[in-house]
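What follows is a short report on a single structure.
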There are 2 protein chains.
Amino acid sequence: MAELLDDLARAVQHAVDTLRGDPGEILSRGADGAPSSRRGRVAEAAVLERLKTSEARVDVLSEEAGFIHRGGECLLVLDPVDGTHNALRGVPAFSVSLALGHDRLSGIEEGLVRDLVSGATYHAAKGEGATLNGKPIRVKPFDPRDTLFSVYLGTNAEPDSARVAGKARRVRNLGAASLDLCLVARGAADVYYMHSREQRLKLRACDIAAGTLIVREAGGLVLDLAGRDLDIPLTTDAHTDLVAVGDRKAWEAIQ
Amino acid sequence: MAELLDDLARAVQHAVDTLRGDPGEILSRGADGAPSSRRGRVAEAAVLERLKTSEARVDVLSEEAGFIHRGGECLLVLDPVDGTHNALRGVPAFSVSLALGHDRLSGIEEGLVRDLVSGATYHAAKGEGATLNGKPIRVKPFDPRDTLFSVYLGTNAEPDSARVAGKARRVRNLGAASLDLCLVARGAADVYYMHSREQRLKLRACDIAAGTLIVREAGGLVLDLAGRDLDIPLTTDAHTDLVAVGDRKAWEAIQ
């Protein structure tokens, strides 16, 4: 189904490029109450329209619309625009995240994340590795002399987040979970750490389904905060914190 | 001289695109001891080569080569690749920064920052405002309910940086000073805060000459940590911390 995800990602890219320069005002709330932008709604509509003309029989779980039953044989887990707030304010970091699978995060078989600013495309299929623009990518072995962490910070971050950030030589944060996960997958970041105070602001399956498979297929780990392999159901109401690392030694370094 | 800066930025973009996918290993140290990548050296060479065939009589202050006397009537302040470490590790945030002026930061007359990943181009001329891809940009009035700060963090950040980050609803950091400044200029960030422990790791004229003018021409402020308008000499050995804000109220909010 690699063609399906790529085809859908191109439909989103086209829809979003058409809107470029548009104010992208907040119109409503998505399925879980998060703000929904015009860009996100247009991107979701582009995917649903494309699915109509496709032979793929998939149900859809989307950040914007929630669960859409289409008599499918598997589930398309979609975040049409991850990094909505970046897109609204003009931070050039937002993406479309698409994954195919069943039931739970561990049941995802294929994932694709496209950076909608640069067009870079990350892809993974279970057991077949991860790629960036078609070339294989691998996580980076941990080197304590050259550490770069992506850490979720600000008023909604639990205080231990500042402790984690303080351990890295360099700290970055793109503010779009799928892209922050891909930084770990390509070896750009050693750690992506997300620990939210508020339950409703934690990460959702739509945000992380594709990125989690991409990190794992690139040789990395996506864990809960107790260090176990993360697994959540593919539903609109499951929320989670997470830590993604390229190397188990990076996990040990932040304890 | 708007054509000159744009022409030089295109030369850098071309040189860097040609290298894309190259490992970009560290080859030497720049004028101030910072690591210098092949990408940076190639980008600088592209600018110097282009200047040879140009009629512009400018001296050059470059992040890589230091001061180059060419019998010029004004000074071109150049960072061929700002965000070298991002480029080396694969974080998609690096830029070329070009500015023209005399003697001090306050003597910069024109500045251009090009995002080498997306191709977005920020420009400002003194007294004429700032643009992004040719369209005017303005800073954002401060709204305490929707705060986004770019904060320099990690082991080299002074502890008050974590305090500043903790005041924002959202924290981002691109790790390339010229791009972080442009986030403030376009209203994407309310604050860019950089407070380094080590003197040699503070910001330099080459990093901030263009971005500072772009913020100021977009209606914002670039200040030292005491809240005075920042001014430093255009030399290789001047180093500084800074705080850029779109609105004086953002400065007050982080005190």
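Convention: chains lettered A, B, ... in structure tokens order; per-chain residue numbering from 1; ligands numbered from 1 as shown.
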
Show me, as a ChimeraX atom specification, every residue of chain B with an atom at most 9 Å from chain A, counting only C-alpha atoms. /B:86,88-92,117-119,148-149,152-157,159,162,164-175,183,186-189

Just C-alpha atoms for this one: save the residues we selected as a PDB file, in the first residue's frame.
ATOM      1  CA  ASN B  86      21.958  21.347  12.378  1.00  0.00           C
ATOM      2  CA  LEU B  88      25.858  18.323  10.111  1.00  0.00           C
ATOM      3  CA  ARG B  89      23.351  16.269  12.106  1.00  0.00           C
ATOM      4  CA  GLY B  90      20.350  16.556   9.810  1.00  0.00           C
ATOM      5  CA  VAL B  91      18.108  19.047  11.636  1.00  0.00           C
ATOM      6  CA  PRO B  92      16.388  20.846   8.739  1.00  0.00           C
ATOM      7  CA  VAL B 117      15.934  24.199   3.487  1.00  0.00           C
ATOM      8  CA  SER B 118      12.692  25.865   2.364  1.00  0.00           C
ATOM      9  CA  GLY B 119      14.214  28.670   0.276  1.00  0.00           C
ATOM     10  CA  LEU B 148       5.529  31.157  21.717  1.00  0.00           C
ATOM     11  CA  PHE B 149       9.176  31.701  22.664  1.00  0.00           C
ATOM     12  CA  TYR B 152      18.478  28.713  23.602  1.00  0.00           C
ATOM     13  CA  LEU B 153      18.760  25.795  26.071  1.00  0.00           C
ATOM     14  CA  GLY B 154      21.084  22.943  27.032  1.00  0.00           C
ATOM     15  CA  THR B 155      24.289  22.637  29.048  1.00  0.00           C
ATOM     16  CA  ASN B 156      25.728  25.933  27.751  1.00  0.00           C
ATOM     17  CA  ALA B 157      22.607  27.996  28.534  1.00  0.00           C
ATOM     18  CA  PRO B 159      20.003  28.816  34.197  1.00  0.00           C
ATOM     19  CA  ALA B 162      14.925  27.599  31.676  1.00  0.00           C
ATOM     20  CA  VAL B 164      12.200  32.144  30.511  1.00  0.00           C
ATOM     21  CA  ALA B 165      11.165  28.961  28.659  1.00  0.00           C
ATOM     22  CA  GLY B 166       8.854  28.067  31.564  1.00  0.00           C
ATOM     23  CA  LYS B 167       6.847  31.281  31.017  1.00  0.00           C
ATOM     24  CA  ALA B 168       5.768  30.434  27.462  1.00  0.00           C
ATOM     25  CA  ARG B 169       2.811  28.289  26.498  1.00  0.00           C
ATOM     26  CA  ARG B 170       4.922  26.958  23.628  1.00  0.00           C
ATOM     27  CA  VAL B 171       8.689  26.709  23.223  1.00  0.00           C
ATOM     28  CA  ARG B 172      10.519  26.179  19.971  1.00  0.00           C
ATOM     29  CA  ASN B 173      14.157  26.413  19.043  1.00  0.00           C
ATOM     30  CA  LEU B 174      15.610  26.122  15.583  1.00  0.00           C
ATOM     31  CA  GLY B 175      19.245  26.423  16.691  1.00  0.00           C
ATOM     32  CA  LEU B 183      10.648  33.927  13.665  1.00  0.00           C
ATOM     33  CA  ARG B 186       7.395  37.427  11.083  1.00  0.00           C
ATOM     34  CA  GLY B 187       5.314  37.230  14.273  1.00  0.00           C
ATOM     35  CA  ALA B 188       5.769  33.474  14.695  1.00  0.00           C
ATOM     36  CA  ALA B 189       7.639  33.896  17.997  1.00  0.00           C
TER      37      ALA B 189
END

Please identify which residues in segment 43-100 of chain A DSSP calls alpha helix (DSSP H) from the backbone, and express them as a VMD selection string. chain A and resid 43 to 52 84 to 89

From A:Leu51, A:Leu4, A:Ala238, A:Ile208, residue lying nearest Ile68 of chain A [only C-alpha atoms]: A:Leu51

When DSSP works through the backbone of this structure, what residues of segment 34-220 of chain B end up as strand (DSSP E), shown as number ranges by chain? B: 35-37, 58-62, 66-68, 74-82, 95-101, 108-115, 121-125, 129-132, 135-137, 148-151, 170-172, 191-194, 203-204

Could you tell me how far atom CA of Pro141 of chain A lies from atom CA of Leu221 of chain A, in Å and to one decimal? 12.2 Å

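Nearest to Val77 of chain A of all the residues A:Val16, A:Val96, A:Ala177, A:Ala130 is A:Val96, based on only C-alpha atoms.
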
Closest of A:Glu73, A:Asp224, A:Glu158, A:Asp247 to Leu100 of chain A - atom-to-atom distances counting only C-alpha atoms: A:Glu73

Excluding Ala185 of chain B and any residue of its chain fewer than 4 positions from it, enumerate the residues within 7 Å of it, using only C-alpha atoms, and give them as number ranges by chain. B: 137-139, 181, 214-215, 218, 220, 246

Next, dump the selected residues to file, keeping only C-alpha atoms, as an mmCIF file, in the first residue's frame.
data_model
loop_
_atom_site.group_PDB
_atom_site.id
_atom_site.type_symbol
_atom_site.label_atom_id
_atom_site.label_comp_id
_atom_site.auth_asym_id
_atom_site.auth_seq_id
_atom_site.Cartn_x
_atom_site.Cartn_y
_atom_site.Cartn_z
ATOM 1 C CA ILE B 137 6.125 41.216 7.484
ATOM 2 C CA ARG B 138 5.390 42.629 10.921
ATOM 3 C CA VAL B 139 5.973 41.414 14.450
ATOM 4 C CA LEU B 181 15.419 36.107 14.844
ATOM 5 C CA ILE B 214 15.063 42.395 9.895
ATOM 6 C CA VAL B 215 13.526 42.291 13.417
ATOM 7 C CA ALA B 218 9.518 44.500 11.175
ATOM 8 C CA GLY B 220 10.506 44.575 16.918
ATOM 9 C CA GLY B 246 8.142 41.624 18.838
#

Within 12 Å of Phe67 of chain A, counting only C-alpha atoms, which residues qualify if same-chain residues fewer than 2 places away don't, as a ChimeraX atom specification? /A:30-32,58-65,69-72,75-78,205-206,234-237

Kindly save the residues from that selection, with N, CA and C atoms included, as an mmCIF file, in the first residue's frame.
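Final output, saved to selection_25.cif:
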data_model
loop_
_atom_site.group_PDB
_atom_site.id
_atom_site.type_symbol
_atom_site.label_atom_id
_atom_site.label_comp_id
_atom_site.auth_asym_id
_atom_site.auth_seq_id
_atom_site.Cartn_x
_atom_site.Cartn_y
_atom_site.Cartn_z
ATOM 1 N N GLY A 30 -11.312 20.169 16.587
ATOM 2 C CA GLY A 30 -11.239 18.824 16.019
ATOM 3 C C GLY A 30 -11.940 17.813 16.902
ATOM 4 N N ALA A 31 -11.813 16.513 16.565
ATOM 5 C CA ALA A 31 -12.521 15.429 17.250
ATOM 6 C C ALA A 31 -12.210 15.396 18.743
ATOM 7 N N ASP A 32 -11.041 15.836 19.138
ATOM 8 C CA ASP A 32 -10.654 15.754 20.548
ATOM 9 C C ASP A 32 -10.598 17.123 21.202
ATOM 10 N N VAL A 58 -10.355 1.232 3.380
ATOM 11 C CA VAL A 58 -9.822 1.558 4.708
ATOM 12 C C VAL A 58 -10.831 2.392 5.496
ATOM 13 N N ASP A 59 -10.906 2.106 6.804
ATOM 14 C CA ASP A 59 -11.551 3.038 7.723
ATOM 15 C C ASP A 59 -10.549 4.156 8.019
ATOM 16 N N VAL A 60 -11.038 5.249 8.602
ATOM 17 C CA VAL A 60 -10.149 6.385 8.857
ATOM 18 C C VAL A 60 -10.277 6.841 10.303
ATOM 19 N N LEU A 61 -9.136 7.032 10.944
ATOM 20 C CA LEU A 61 -9.108 7.714 12.242
ATOM 21 C C LEU A 61 -8.336 9.005 12.012
ATOM 22 N N SER A 62 -9.024 10.155 12.126
ATOM 23 C CA SER A 62 -8.377 11.425 11.803
ATOM 24 C C SER A 62 -8.397 12.363 12.993
ATOM 25 N N GLU A 63 -7.324 13.123 13.099
ATOM 26 C CA GLU A 63 -7.211 14.161 14.131
ATOM 27 C C GLU A 63 -8.390 15.130 14.076
ATOM 28 N N GLU A 64 -8.876 15.415 12.889
ATOM 29 C CA GLU A 64 -9.928 16.428 12.741
ATOM 30 C C GLU A 64 -11.321 15.825 12.913
ATOM 31 N N ALA A 65 -11.616 14.756 12.169
ATOM 32 C CA ALA A 65 -12.997 14.257 12.078
ATOM 33 C C ALA A 65 -13.287 13.089 13.015
ATOM 34 N N HIS A 69 -16.187 5.282 9.550
ATOM 35 C CA HIS A 69 -16.370 3.889 9.141
ATOM 36 C C HIS A 69 -16.614 3.840 7.645
ATOM 37 N N ARG A 70 -15.798 3.053 6.933
ATOM 38 C CA ARG A 70 -15.958 2.923 5.484
ATOM 39 C C ARG A 70 -15.939 1.450 5.075
ATOM 40 N N GLY A 71 -16.277 0.548 6.035
ATOM 41 C CA GLY A 71 -16.271 -0.884 5.740
ATOM 42 C C GLY A 71 -14.885 -1.390 5.371
ATOM 43 N N GLY A 72 -13.866 -0.822 6.031
ATOM 44 C CA GLY A 72 -12.492 -1.083 5.623
ATOM 45 C C GLY A 72 -11.899 -2.366 6.168
ATOM 46 N N LEU A 75 -7.097 0.221 9.021
ATOM 47 C CA LEU A 75 -7.374 1.571 9.509
ATOM 48 C C LEU A 75 -6.293 2.535 9.030
ATOM 49 N N LEU A 76 -6.714 3.634 8.417
ATOM 50 C CA LEU A 76 -5.804 4.727 8.069
ATOM 51 C C LEU A 76 -5.817 5.731 9.219
ATOM 52 N N VAL A 77 -4.675 5.919 9.854
ATOM 53 C CA VAL A 77 -4.562 6.841 10.994
ATOM 54 C C VAL A 77 -3.915 8.119 10.469
ATOM 55 N N LEU A 78 -4.661 9.200 10.532
ATOM 56 C CA LEU A 78 -4.322 10.418 9.789
ATOM 57 C C LEU A 78 -4.240 11.638 10.686
ATOM 58 N N ALA A 205 -2.839 9.019 19.076
ATOM 59 C CA ALA A 205 -2.451 8.036 18.054
ATOM 60 C C ALA A 205 -2.223 8.702 16.702
ATOM 61 N N CYS A 206 -3.092 9.670 16.352
ATOM 62 C CA CYS A 206 -2.957 10.324 15.043
ATOM 63 C C CYS A 206 -1.622 11.036 14.891
ATOM 64 N N LEU A 234 -5.611 2.536 18.886
ATOM 65 C CA LEU A 234 -5.818 3.515 17.801
ATOM 66 C C LEU A 234 -7.234 4.077 17.909
ATOM 67 N N THR A 235 -7.407 5.008 18.845
ATOM 68 C CA THR A 235 -8.701 5.641 19.080
ATOM 69 C C THR A 235 -8.484 7.146 19.228
ATOM 70 N N THR A 236 -9.598 7.896 19.207
ATOM 71 C CA THR A 236 -9.459 9.357 19.349
ATOM 72 C C THR A 236 -9.177 9.767 20.791
ATOM 73 N N ASP A 237 -9.540 8.907 21.757
ATOM 74 C CA ASP A 237 -9.422 9.372 23.145
ATOM 75 C C ASP A 237 -8.194 8.863 23.890
#
